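Visitor: Dropping in start37.txt, which is compact mmCIF, C-alpha atoms:
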# COMPACT_ATOMS: atom_id res chain seq x y z
CA MET A 1 -32.31 -13.91 13.67
CA ALA A 2 -30.87 -12.64 16.97
CA MET A 3 -27.43 -13.94 16.11
CA GLN A 4 -27.65 -12.45 12.60
CA ARG A 5 -28.57 -9.08 14.07
CA ARG A 6 -25.84 -9.33 16.71
CA TRP A 7 -22.86 -9.73 14.39
CA VAL A 8 -24.04 -6.86 12.18
CA VAL A 9 -24.77 -4.46 15.04
CA VAL A 10 -21.71 -5.33 17.11
CA GLY A 11 -19.46 -5.15 14.07
CA VAL A 12 -20.72 -1.65 13.31
CA LEU A 13 -20.45 -0.47 16.90
CA GLY A 14 -16.88 -1.74 17.07
CA ILE A 15 -15.99 0.58 14.19
CA LEU A 16 -18.00 3.59 15.37
CA ALA A 17 -16.52 3.45 18.88
CA ALA A 18 -12.92 3.81 17.74
CA THR A 19 -10.85 6.85 18.71
CA ALA A 20 -8.31 8.63 16.54
CA SER A 21 -4.52 8.30 16.73
CA ALA A 22 -1.55 8.10 14.38
CA ASP A 23 1.05 5.36 14.27
CA THR A 24 3.76 5.90 16.86
CA PHE A 25 7.07 4.17 17.52
CA GLY A 26 6.93 2.20 20.77
CA GLY A 27 10.54 1.05 21.12
CA PHE A 28 12.91 -1.83 20.30
CA SER A 29 12.99 -5.27 21.90
CA SER A 30 16.18 -5.55 23.96
CA ILE A 31 16.32 -9.36 23.58
CA ASP A 32 15.16 -9.91 20.00
CA ALA A 33 14.81 -8.13 16.63
CA PRO A 34 11.19 -6.84 16.72
CA TYR A 35 10.04 -3.32 17.44
CA LEU A 36 6.74 -1.98 18.73
CA VAL A 37 4.28 0.24 16.85
CA ASN A 38 1.63 1.96 18.95
CA GLN A 39 1.08 -0.24 22.01
CA ASP A 40 0.01 -3.54 20.49
CA ARG A 41 1.65 -4.16 17.08
CA VAL A 42 4.90 -6.10 16.98
CA CYS A 43 6.84 -5.63 13.75
CA THR A 44 9.95 -7.23 12.25
CA PRO A 45 12.56 -4.79 10.92
CA LEU A 46 13.42 -4.98 7.25
CA GLU A 47 16.78 -6.55 6.58
CA VAL A 48 19.32 -4.73 4.47
CA ALA A 49 21.08 -6.34 1.50
CA ASN A 50 23.78 -4.39 -0.31
CA GLY A 51 22.57 -1.14 1.16
CA LYS A 52 18.93 -1.64 0.17
CA ALA A 53 15.73 -2.83 1.84
CA THR A 54 12.53 -3.82 0.06
CA GLY A 55 8.94 -4.57 0.87
CA ALA A 56 7.00 -3.59 3.98
CA PRO A 57 7.61 -4.62 7.60
CA ALA A 58 5.59 -7.63 8.75
CA CYS A 59 3.46 -6.66 11.76
CA GLU A 60 0.94 -8.41 13.93
CA LYS A 61 -1.10 -7.53 16.97
CA ALA A 62 0.21 -9.11 20.15
CA ALA A 63 -1.12 -9.71 23.63
CA THR A 64 0.19 -7.65 26.54
CA ASP A 65 2.05 -10.65 28.01
CA ASP A 66 3.79 -11.39 24.73
CA ILE A 67 4.91 -7.78 24.41
CA ALA A 68 6.20 -7.83 27.98
CA HIS A 69 8.41 -10.84 27.15
CA LEU A 70 10.13 -8.80 24.43
CA THR A 71 11.42 -6.32 27.03
CA VAL A 72 10.83 -3.31 24.84
CA LYS A 73 13.09 -0.31 25.47
CA PRO A 74 12.58 3.20 24.10
CA GLY A 75 14.73 4.10 21.12
CA VAL A 76 17.42 6.75 21.30
CA VAL A 77 16.20 9.84 19.44
CA GLN A 78 18.68 10.87 16.75
CA SER A 79 19.02 14.63 16.49
CA GLY A 80 21.67 17.30 16.36
CA ALA A 81 25.35 17.08 15.47
CA LYS A 82 25.89 13.94 17.59
CA ALA A 83 23.26 11.85 15.83
CA THR A 84 24.53 8.49 14.56
CA TYR A 85 21.65 8.08 12.12
CA VAL A 86 20.13 10.68 9.81
CA ALA A 87 17.14 10.08 7.51
CA THR A 88 16.16 12.04 4.42
CA ALA A 89 13.41 11.54 1.85
CA ALA A 90 12.95 12.38 -1.82
CA GLY A 91 9.60 11.37 -3.29
CA ARG A 92 9.05 7.77 -2.17
CA VAL A 93 12.72 7.05 -1.48
CA LEU A 94 13.91 7.04 2.12
CA THR A 95 17.67 7.20 2.70
CA VAL A 96 19.28 6.54 6.08
CA THR A 97 22.93 7.30 6.78
CA LYS A 98 25.03 6.05 9.68
CA ASP A 99 27.95 8.25 10.71
CA ARG A 100 27.44 10.12 7.41
CA SER A 101 27.84 6.96 5.33
CA ALA A 102 24.92 5.42 3.43
CA ALA A 103 23.30 2.64 5.46
CA VAL A 104 20.07 1.84 3.62
CA THR A 105 17.72 3.09 0.92
CA TRP A 106 14.09 2.02 0.83
CA THR A 107 11.11 2.91 -1.37
CA ALA A 108 7.79 3.55 0.37
CA ALA A 109 4.41 2.76 -1.17
CA ASP A 110 3.40 6.45 -1.20
CA PRO A 111 5.33 9.74 -1.48
CA ILE A 112 6.94 10.72 1.84
CA GLY A 113 5.96 14.13 3.15
CA LYS A 114 8.53 14.64 5.90
CA ILE A 115 10.69 12.78 8.39
CA VAL A 116 9.13 13.07 11.84
CA GLU A 117 11.74 11.30 14.00
CA VAL A 118 14.63 8.85 13.83
CA TYR A 119 15.37 6.32 16.61
CA ALA A 120 18.36 4.05 17.18
CA SER A 121 18.33 0.90 19.27
CA GLN A 122 20.52 0.69 22.37
CA TYR A 123 23.41 -0.92 20.48
CA GLU A 124 22.72 0.97 17.24
CA ASP A 125 22.07 -2.30 15.38
CA ARG A 126 18.57 -1.18 14.35
CA VAL A 127 17.10 2.13 13.28
CA ALA A 128 13.46 3.22 13.08
CA VAL A 129 12.03 6.16 11.14
CA THR A 130 8.63 7.79 11.53
CA TYR A 131 7.47 9.72 8.48
CA THR A 132 4.33 11.26 7.03
CA THR A 133 2.44 10.49 3.83
CA ARG A 134 -0.78 11.89 2.39
CA GLN A 135 -3.69 9.61 1.59
CA LEU A 136 -6.94 11.05 0.23
CA GLY A 137 -5.82 14.52 1.24
CA LYS A 138 -5.07 13.55 4.84
CA GLU A 139 -1.63 13.40 6.44
CA THR A 140 -0.87 10.12 8.20
CA THR A 141 2.18 8.92 10.12
CA SER A 142 3.88 5.58 9.50
CA VAL A 143 6.82 3.72 11.03
CA VAL A 144 9.51 1.62 9.33
CA ALA A 145 12.60 0.05 10.90
CA PHE A 146 15.71 -1.64 9.53
CA THR A 147 18.30 -4.09 10.85
CA ILE A 148 21.57 -2.36 10.04
CA VAL A 149 23.99 -4.66 11.89
CA LYS A 150 23.32 -8.25 12.95
CA THR A 151 23.84 -9.20 16.58
CA THR A 152 27.21 -10.73 15.70
CA GLY A 153 28.39 -7.24 14.79
CA ARG A 154 28.67 -7.98 11.04
CA ASP A 155 27.06 -5.61 8.58
CA VAL A 156 23.98 -7.12 7.04
CA GLY A 157 24.93 -8.32 3.58
CA GLY A 158 22.96 -11.49 3.04
CA PRO A 159 19.76 -11.81 1.06
CA SER A 160 16.68 -10.08 2.41
CA THR A 161 14.12 -12.30 4.10
CA VAL A 162 11.31 -9.89 3.26
CA LYS A 163 9.42 -10.67 0.08
CA PRO A 164 9.60 -7.71 -2.29
CA THR A 165 6.32 -6.16 -3.32
CA THR A 166 7.56 -5.49 -6.85
CA THR A 167 9.56 -7.42 -9.41
CA VAL A 168 11.85 -4.45 -10.07
CA THR A 169 15.47 -4.84 -8.98
CA GLY A 170 17.99 -2.16 -8.16
CA PRO A 171 17.45 1.19 -6.45
CA ALA A 172 14.37 3.09 -7.48
CA PRO A 173 15.10 6.55 -8.85
CA ALA A 174 13.77 9.34 -6.70
CA SER A 175 10.51 10.85 -7.87
CA LEU A 176 10.72 14.57 -8.59
CA GLU A 177 7.00 15.12 -8.13
CA ASP A 178 7.64 17.22 -5.02
CA ASP A 179 9.79 19.58 -7.09
CA PRO A 180 7.71 22.76 -7.61
CA ALA A 181 8.47 22.82 -11.34
CA VAL A 182 7.40 19.21 -11.79
CA HIS A 183 4.30 19.73 -9.66
CA GLN A 184 3.36 22.74 -11.77
CA ALA A 185 3.88 20.79 -15.00
CA ILE A 186 1.72 17.88 -13.75
CA ASP A 187 -1.05 20.25 -12.71
CA ALA A 188 -0.90 21.96 -16.11
CA ALA A 189 -1.01 18.62 -17.94
CA ARG A 190 -4.07 17.46 -16.00
CA LYS A 191 -5.88 20.68 -16.88
CA ALA A 192 -4.69 20.98 -20.49
CA ALA A 193 -7.17 21.14 -23.35
CA LYS A 194 -7.54 17.92 -25.32
CA GLY A 195 -5.36 19.04 -28.21
CA LYS A 196 -2.55 20.14 -25.91
CA GLN A 197 -2.47 17.20 -23.50
CA LEU A 198 0.18 15.16 -25.32
CA ASP A 199 2.68 18.03 -25.37
CA ALA A 200 1.84 18.85 -21.75
CA TRP A 201 2.61 15.33 -20.53
CA ARG A 202 5.77 15.26 -22.61
CA ALA A 203 6.78 18.43 -20.78
CA VAL A 204 6.41 16.52 -17.50
CA LEU A 205 8.75 13.80 -18.83
CA ALA A 206 11.24 16.48 -19.83
CA LEU A 207 11.48 17.41 -16.14
CA ASP A 208 11.07 13.93 -14.63
CA ALA A 209 12.14 11.38 -17.24
CA ASP A 210 10.63 8.36 -15.45
CA HIS A 211 7.33 9.84 -14.28
CA SER A 212 4.85 6.96 -14.26
CA GLU A 213 1.60 8.87 -14.71
CA ALA A 214 3.09 10.87 -17.58
CA ARG A 215 4.05 7.67 -19.42
CA PHE A 216 0.57 6.24 -18.82
CA ARG A 217 -1.22 9.41 -20.00
CA ILE A 218 0.92 9.55 -23.12
CA ALA A 219 0.08 5.92 -23.84
CA THR A 220 -3.67 6.60 -23.52
CA LEU A 221 -3.45 9.61 -25.82
CA GLU A 222 -1.49 7.66 -28.43
CA ALA A 223 -4.00 4.81 -28.23
CA SER A 224 -6.92 7.20 -28.64
CA ALA A 225 -5.21 8.58 -31.75
CA LYS A 226 -4.89 5.02 -33.13
CA HIS A 227 -1.09 5.15 -32.77
CA THR A 228 -1.02 1.61 -31.42
CA ALA A 229 2.74 1.04 -31.70
CA ASP A 230 3.54 4.29 -29.88
CA ALA A 231 0.96 3.54 -27.18
CA ILE A 232 2.37 0.09 -26.49
CA ALA A 233 5.94 1.45 -26.56
CA ALA A 234 5.00 3.93 -23.81
CA LEU A 235 3.54 1.09 -21.73
CA GLU A 236 6.67 -1.01 -22.28
CA GLN A 237 8.72 1.85 -20.85
CA LEU A 238 6.59 1.53 -17.71
CA VAL A 239 7.38 -2.20 -17.61
CA HIS A 240 11.09 -1.41 -17.36
CA SER A 241 10.64 1.49 -14.93
CA LYS A 242 12.02 1.20 -11.41
CA ARG A 243 9.41 3.54 -9.96
CA GLY A 244 7.31 1.86 -7.31
CA ASP A 245 4.04 3.09 -8.81
CA ALA A 246 4.76 1.89 -12.37
CA ILE A 247 2.86 -1.37 -11.80
CA GLU A 248 -0.15 0.63 -10.59
CA TRP A 249 -0.44 2.44 -13.91
CA LEU A 250 0.10 -0.78 -15.87
CA VAL A 251 -2.81 -2.35 -14.00
CA GLU A 252 -4.83 0.81 -14.66
CA ALA A 253 -4.17 0.36 -18.38
CA ARG A 254 -5.83 -3.08 -18.32
CA PHE A 255 -9.25 -1.44 -17.89
CA ASP A 256 -8.85 2.05 -19.36
CA PRO A 257 -11.33 2.58 -22.25
CA ALA A 258 -8.55 4.11 -24.36
CA PHE A 259 -7.05 0.64 -24.80
CA ALA A 260 -10.30 -1.18 -25.66
CA GLY A 261 -9.26 -1.44 -29.29
CA VAL A 262 -5.89 -3.04 -28.54
CA ARG A 263 -6.87 -5.29 -25.64
CA ALA A 264 -6.46 -8.37 -27.83
CA ASP A 265 -3.01 -7.30 -29.05
CA PRO A 266 -0.40 -9.75 -27.66
CA LYS A 267 2.12 -6.94 -27.11
CA PHE A 268 -0.39 -4.92 -25.10
CA ARG A 269 -1.39 -7.94 -23.03
CA ALA A 270 2.27 -8.76 -22.35
CA ALA A 271 3.04 -5.19 -21.31
CA VAL A 272 0.19 -4.89 -18.81
CA GLY A 273 0.48 -8.50 -17.60
CA LEU A 274 -3.02 -9.68 -18.49
CA ASP A 275 -1.99 -13.28 -19.22
CA ARG A 276 0.47 -13.97 -16.42
CA PRO A 277 0.01 -14.68 -12.72
CA PRO A 278 0.26 -11.61 -10.45
CA ALA A 279 3.86 -10.75 -9.66
CA THR A 280 3.16 -8.24 -6.88
CA ALA A 281 0.81 -7.79 -3.95
CA TYR A 282 -0.72 -4.80 -5.72
CA GLU A 283 -1.62 -7.00 -8.69
CA ARG A 284 -3.18 -9.58 -6.39
CA LEU A 285 -5.46 -6.91 -4.99
CA MET A 286 -6.14 -4.79 -8.08
CA GLY A 287 -5.36 -7.08 -11.01
CA PHE A 288 -9.00 -7.75 -11.96
CA GLY A 289 -10.15 -4.18 -11.38
CA GLY A 290 -10.25 -3.93 -7.58
CA GLN A 291 -13.80 -5.24 -7.16
CA TRP A 292 -14.47 -8.18 -4.82
CA GLU A 293 -17.73 -9.84 -3.82
CA GLN A 294 -19.24 -12.41 -1.49
CA THR A 295 -22.65 -13.84 -2.39
CA GLY A 296 -25.07 -13.52 0.51
CA THR A 297 -27.45 -16.14 1.83
CA SER A 298 -30.51 -15.30 3.89
CA CYS A 299 -29.99 -15.51 7.68
CA ASP A 300 -26.52 -16.97 7.15
CA ALA A 301 -23.93 -14.87 5.32
CA PRO A 302 -24.15 -11.21 4.27
CA GLU A 303 -23.75 -9.98 0.74
CA ILE A 304 -20.41 -8.19 0.54
CA ARG A 305 -19.18 -5.77 -2.10
CA LEU A 306 -15.64 -4.49 -1.66
CA THR A 307 -14.14 -1.93 -4.05
CA VAL A 308 -10.53 -0.80 -3.74
CA LYS A 309 -9.01 1.90 -5.95
CA ARG A 310 -5.56 3.06 -6.99
CA ASP A 311 -5.89 6.24 -4.89
CA ARG A 312 -5.96 3.95 -1.80
CA SER A 313 -9.67 4.53 -1.16
CA VAL A 314 -11.97 1.64 -0.29
CA LYS A 315 -15.73 1.16 -0.20
CA LEU A 316 -17.25 -1.72 1.72
CA HIS A 317 -20.95 -2.51 1.39
CA VAL A 318 -22.52 -5.06 3.75
CA LYS A 319 -26.10 -6.17 3.11
CA SER A 320 -27.95 -8.90 4.96
CA SER A 321 -31.53 -10.03 5.27
CA CYS A 322 -33.29 -12.42 7.59
CA ASN A 323 -37.00 -12.98 8.18
CA GLY A 324 -37.90 -9.74 6.46
CA GLN A 325 -35.37 -7.56 8.25
CA VAL A 326 -32.70 -5.98 6.06
CA PHE A 327 -29.41 -4.36 7.11
CA ASP A 328 -27.69 -2.25 4.45
CA LEU A 329 -24.42 -0.81 5.74
CA PRO A 330 -21.89 1.22 3.67
CA PHE A 331 -18.36 2.01 4.86
CA ASN A 332 -15.71 4.26 3.31
CA GLY A 333 -12.03 4.36 4.13
CA THR A 334 -8.56 3.58 2.85
CA TRP A 335 -6.36 0.53 2.39
CA ARG A 336 -2.69 -0.38 2.59
CA LEU A 337 -0.54 -3.33 1.61
CA ASP A 338 1.27 -4.83 4.59
CA ASP A 339 3.24 -7.52 2.72
CA THR A 340 2.82 -9.98 -0.13
CA ASP A 341 -0.08 -11.81 1.56
CA HIS A 342 -1.79 -9.21 3.73
CA VAL A 343 -3.92 -6.11 3.21
CA THR A 344 -5.38 -3.81 5.85
CA LEU A 345 -8.64 -1.91 5.43
CA ILE A 346 -8.87 1.31 7.46
CA LEU A 347 -12.52 2.14 8.09
CA PRO A 348 -12.85 5.23 10.31
CA PRO A 349 -16.18 5.82 12.07
CA SER A 350 -17.18 8.73 9.83
CA ARG A 351 -15.94 10.49 6.71
CA GLY A 352 -13.14 12.90 7.51
CA ALA A 353 -12.51 11.41 10.96
CA ALA A 354 -8.98 10.38 11.84
CA ALA A 355 -8.40 6.63 12.01
CA SER A 356 -6.83 4.64 14.83
CA ASN A 357 -5.58 1.08 14.94
CA LYS A 358 -9.02 0.08 16.22
CA ASP A 359 -10.41 1.02 12.81
CA GLU A 360 -8.12 -1.43 11.02
CA ALA A 361 -9.53 -4.61 9.50
CA PRO A 362 -6.85 -7.18 8.62
CA CYS A 363 -7.26 -9.16 5.40
CA ALA A 364 -5.24 -12.07 4.05
CA PHE A 365 -5.06 -13.61 0.60
CA LYS A 366 -6.11 -17.27 0.48
CA GLN A 367 -6.00 -19.77 -2.34
CA HIS A 368 -9.42 -20.47 -3.83
CA GLY A 369 -9.06 -22.95 -6.64
CA GLU A 370 -6.86 -21.28 -9.22
CA GLU A 371 -7.41 -17.73 -7.97
CA ASP A 372 -7.04 -15.63 -4.86
CA ALA A 373 -9.74 -15.02 -2.28
CA LEU A 374 -9.49 -12.24 0.30
CA HIS A 375 -10.46 -13.08 3.88
CA CYS A 376 -11.17 -10.06 6.11
CA ALA A 377 -12.15 -9.61 9.74
CA VAL A 378 -14.01 -6.38 10.59
CA GLY A 379 -14.24 -6.21 14.34
CA LYS A 380 -14.91 -9.36 16.34
CA ASP A 381 -18.23 -10.32 14.82
CA LEU A 382 -17.97 -9.79 11.08
CA GLU A 383 -15.77 -11.90 8.87
CA PHE A 384 -16.11 -12.45 5.15
CA GLU A 385 -14.27 -13.99 2.24
CA VAL A 386 -14.61 -12.26 -1.10
CA LEU A 387 -13.64 -13.29 -4.62
CA PRO A 388 -12.51 -10.96 -7.42
CA THR A 389 -15.13 -9.70 -9.84
CA ARG A 390 -13.63 -9.50 -13.31
CA ARG A 391 -14.36 -6.33 -15.22
Output the file's structure in the form of structure tokens.
Guide:
Amino acid sequence: MAMQRRWVVVGVLGILAATASADTFGGFSSIDAPYLVNQDRVCTPLEVANGKATGAPACEKAATDDIAHLTVKPGVVQSGAKATYVATAAGRVLTVTKDRSAAVTWTAADPIGKIVEVYASQYEDRVAVTYTTRQLGKETTSVVAFTIVKTTGRDVGGPSTVKPTTTVTGPAPASLEDDPAVHQAIDAARKAAKGKQLDAWRAVLALDADHSEARFRIATLEASAKHTADAIAALEQLVHSKRGDAIEWLVEARFDPAFAGVRADPKFRAAVGLDRPPATAYERLMGFGGQWEQTGTSCDAPEIRLTVKRDRSVKLHVKSSCNGQVFDLPFNGTWRLDDTDHVTLILPPSRGAAASNKDEAPCAFKQHGEEDALHCAVGKDLEFEVLPTRR
């Protein structure tokens, strides 16, 4: 019982004791490719192929000695008329230019608020960008870096070594959701009376022809009106979209009540991907509805219920019992996809509190028979492996 109590209590204290900080750029290795985020995360820059980069940087926590061996040097801040690199953002699309010529475009997982800073490595072969996004109404800062020129001096033109998080090829069109007119149209569509919703969402598409939520909402409205062919056609347009969030709305359609009557339709199932293996990391996490569970056993393993949602919120419920004593611990936070195989849960000590890297719980997908399991480590004393709960 003492050991059971220890891992629960220590795991909770490890979360509650964390202090708040945003991601910061720590510098480039002067002897190798990696760069440093905060003071303990070593990341690999994204490689550029034909002017584009995909996926998310692979990062891992490293010991102080290992970081010292990388000989990390501060980046050169790029500002003013003499800057070699300049970064701009439109929606989720980040564009970096070098000497006023396009160097790389990259699509982030969430809309970019603003560019905070741009850093070049000593020999200008790598560039790092810090930028803000909003998650659950809170502004957070992230870091991404790219290898622009290989150490031989040749421009990077070979295939990317980073696994893409989507199956879409080609540059993603910039979202216009930050345009005031589009924002106003979206707000109006979300508030429109039932009989006016279809026209309102069509008005959004008139301003932003590839808006993912608008296509999804139109599909739900057509399905509710028994216009099955039109509903599926709207979903098929999402299939061919190059917007990074298109797959999120297709997964949402798998469980939306509006499509209950067409869930057996082969065309619907093909559009939303119900009968194929997951093609993206998002589908691995959310493909069965975003609910994961571990069955508890008395005095041995806790009962775990993990719920992740499209808005990047997460709820973790840990319940254990041993010899009549029960621990029932809820946690709320956010999540992010790190790469094809890894997810990070961010569980700040209290609602509304800013999160630091000490609040991050790394998770990795593992094969469990013919499906994925998700193995997570929360602090040093609480690990669990959950399986998807099918809705």
Visitor: With distances taken over all atoms listed in the file, which of A:Ala206, A:Val239, A:Ile247, A:Val326 is nearest to A:Arg310?
Guide: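 The closest residue to A:Arg310 is A:Ile247.
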Visitor: Could you check the closest approach to A:Pro34 for each of A:Ser298, A:Thr97, A:Thr84, A:Thr71 and tell me which residue wins, using all atoms listed in the file?
Guide: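 Between A:Ser298, A:Thr97, A:Thr84, A:Thr71, the residue approaching A:Pro34 most closely is A:Thr71.
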Visitor: In Å to one decimal, how far is atom CA of A:Val149 from atom CA of A:Thr105?
Guide: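 Going from atom CA of A:Thr105 over to atom CA of A:Val149, I get 14.8 Å.
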Visitor: Pick the closest to A:Gly113 from A:Thr147, A:Thr133, A:Thr95, A:Ser313: which is it, counting all atoms listed in the file?
Guide: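 Closest to A:Gly113 of all the choices is A:Thr133.
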Visitor: How many Å lie between atom CA of A:Met286 and atom CA of A:Leu387, rounded to one decimal?
Guide: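 Interatomic distance, atom CA of A:Met286 to atom CA of A:Leu387: 11.9 Å.
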Visitor: What does the distance between atom CA of A:Ile67 and atom CA of A:Ala145 come to in Å, to one decimal place?
Guide: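 Computing the Euclidean distance for atom CA of A:Ile67 and atom CA of A:Ala145 yields 17.4 Å.
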Visitor: Using all atoms listed in the file, which residues sit within 12 Å of A:Trp201 once same-chain residues fewer than 3 positions away are excluded, as a PDB file with C-alpha atoms, in the coordinates of the input?
Guide:
ATOM      1  CA  VAL A 182       7.400  19.210 -11.790  1.00  0.00           C
ATOM      2  CA  HIS A 183       4.300  19.730  -9.660  1.00  0.00           C
ATOM      3  CA  GLN A 184       3.360  22.740 -11.770  1.00  0.00           C
ATOM      4  CA  ALA A 185       3.880  20.790 -15.000  1.00  0.00           C
ATOM      5  CA  ILE A 186       1.720  17.880 -13.750  1.00  0.00           C
ATOM      6  CA  ASP A 187      -1.050  20.250 -12.710  1.00  0.00           C
ATOM      7  CA  ALA A 188      -0.900  21.960 -16.110  1.00  0.00           C
ATOM      8  CA  ALA A 189      -1.010  18.620 -17.940  1.00  0.00           C
ATOM      9  CA  ARG A 190      -4.070  17.460 -16.000  1.00  0.00           C
ATOM     10  CA  LYS A 191      -5.880  20.680 -16.880  1.00  0.00           C
ATOM     11  CA  ALA A 192      -4.690  20.980 -20.490  1.00  0.00           C
ATOM     12  CA  ALA A 193      -7.170  21.140 -23.350  1.00  0.00           C
ATOM     13  CA  LYS A 194      -7.540  17.920 -25.320  1.00  0.00           C
ATOM     14  CA  GLY A 195      -5.360  19.040 -28.210  1.00  0.00           C
ATOM     15  CA  LYS A 196      -2.550  20.140 -25.910  1.00  0.00           C
ATOM     16  CA  GLN A 197      -2.470  17.200 -23.500  1.00  0.00           C
ATOM     17  CA  LEU A 198       0.180  15.160 -25.320  1.00  0.00           C
ATOM     18  CA  VAL A 204       6.410  16.520 -17.500  1.00  0.00           C
ATOM     19  CA  LEU A 205       8.750  13.800 -18.830  1.00  0.00           C
ATOM     20  CA  ALA A 206      11.240  16.480 -19.830  1.00  0.00           C
ATOM     21  CA  LEU A 207      11.480  17.410 -16.140  1.00  0.00           C
ATOM     22  CA  ASP A 208      11.070  13.930 -14.630  1.00  0.00           C
ATOM     23  CA  ALA A 209      12.140  11.380 -17.240  1.00  0.00           C
ATOM     24  CA  ASP A 210      10.630   8.360 -15.450  1.00  0.00           C
ATOM     25  CA  HIS A 211       7.330   9.840 -14.280  1.00  0.00           C
ATOM     26  CA  SER A 212       4.850   6.960 -14.260  1.00  0.00           C
ATOM     27  CA  GLU A 213       1.600   8.870 -14.710  1.00  0.00           C
ATOM     28  CA  ALA A 214       3.090  10.870 -17.580  1.00  0.00           C
ATOM     29  CA  ARG A 215       4.050   7.670 -19.420  1.00  0.00           C
ATOM     30  CA  PHE A 216       0.570   6.240 -18.820  1.00  0.00           C
ATOM     31  CA  ARG A 217      -1.220   9.410 -20.000  1.00  0.00           C
ATOM     32  CA  ILE A 218       0.920   9.550 -23.120  1.00  0.00           C
ATOM     33  CA  ALA A 219       0.080   5.920 -23.840  1.00  0.00           C
ATOM     34  CA  THR A 220      -3.670   6.600 -23.520  1.00  0.00           C
ATOM     35  CA  LEU A 221      -3.450   9.610 -25.820  1.00  0.00           C
ATOM     36  CA  GLU A 222      -1.490   7.660 -28.430  1.00  0.00           C
TER      37      GLU A 222
END
Visitor: Determine the nearest neighbour of A:Lys138 from the options A:Thr389, A:Gln367, A:Thr88, A:Thr334, counting only C-alpha atoms.
Guide: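 Among the listed residues, the smallest separation from A:Lys138 belongs to A:Thr334.
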Visitor: Have a look at A:Ala231, A:Ala264, A:Thr340, A:Lys380 and name the one nearest to A:Pro278; count only C-alpha atoms.
Guide: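 Counting only C-alpha atoms, the residue closest to A:Pro278 is A:Thr340.
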Visitor: So that I can see what lies close to A:Ala87, please list as a list in words the residues with an atom at most 9 Å from it, counting all atoms listed in the file and leaving out residues fewer than 5 positions away in the same chain.
Guide: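 Close residues of A:Ala87: Leu94, Thr95, Val96, Thr97, Ile115, Glu117, Val118 and Val129 of chain A.
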Visitor: Just checking: using all atoms listed in the file, which residue out of A:Ala128, A:Leu235, A:Ala270, A:Cys363 ends up closest to A:Ala253?
Guide: A:Leu235
Visitor: Using all atoms listed in the file, which protein or nucleic acid residues come within 9 Å of stretch 288-290 of chain A? Drop anything in the same chain fewer than 4 positions from it, and give the result as a list of chain:residue names.
Guide: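 Returned residues: A:Val251, A:Glu252, A:Arg254, A:Phe255, A:Glu283, A:Arg284, A:Leu306, A:Thr307, A:Val308, A:Lys309, A:Arg310, A:Pro388, A:Thr389, A:Arg390, A:Arg391.
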Visitor: What would the file look like if the residues just selected were written as a compact mmCIF listing (two decimals), in the coordinates of the input with C-alpha atoms?
Guide:
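As a result, result-v9.txt now contains:
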# COMPACT_ATOMS: atom_id res chain seq x y z
CA VAL A 251 -2.81 -2.35 -14.00
CA GLU A 252 -4.83 0.81 -14.66
CA ARG A 254 -5.83 -3.08 -18.32
CA PHE A 255 -9.25 -1.44 -17.89
CA GLU A 283 -1.62 -7.00 -8.69
CA ARG A 284 -3.18 -9.58 -6.39
CA LEU A 306 -15.64 -4.49 -1.66
CA THR A 307 -14.14 -1.93 -4.05
CA VAL A 308 -10.53 -0.80 -3.74
CA LYS A 309 -9.01 1.90 -5.95
CA ARG A 310 -5.56 3.06 -6.99
CA PRO A 388 -12.51 -10.96 -7.42
CA THR A 389 -15.13 -9.70 -9.84
CA ARG A 390 -13.63 -9.50 -13.31
CA ARG A 391 -14.36 -6.33 -15.22
Visitor: Neighbours of A:Phe25 within 10 Å (all atoms listed in the file; same-chain residues fewer than 4 positions away dropped), as a PyMOL selection string?
Guide: chain A and resi 35-39+41+74-75+117-119+128-130+142-145
Visitor: At a cut-off of 9 Å, using only C-alpha atoms, what residues contact A:Glu236? Leave out same-chain residues fewer than 6 positions from it and give the result as a PyMOL selection string.
Guide: chain A and resi 267-268+270-272
Visitor: For the selection you just gave me, I'd like the residues written to a file as a CSV table (one decimal), in the frame of the given file, keeping C-alpha atoms.
Guide:
chain,number,residue,atom,x,y,z
A,267,LYS,CA,2.1,-6.9,-27.1
A,268,PHE,CA,-0.4,-4.9,-25.1
A,270,ALA,CA,2.3,-8.8,-22.4
A,271,ALA,CA,3.0,-5.2,-21.3
A,272,VAL,CA,0.2,-4.9,-18.8
Visitor: Quick one: axis-aligned box around all listed atoms of stretch 325-342 of chain A, 3 Å on every side, centre and edge lengths in Å to one decimal, written as JSON.
Guide:
{"center_x": -16.1, "center_y": -3.7, "center_z": 4.1, "size_x": 44.6, "size_y": 22.2, "size_z": 14.4}
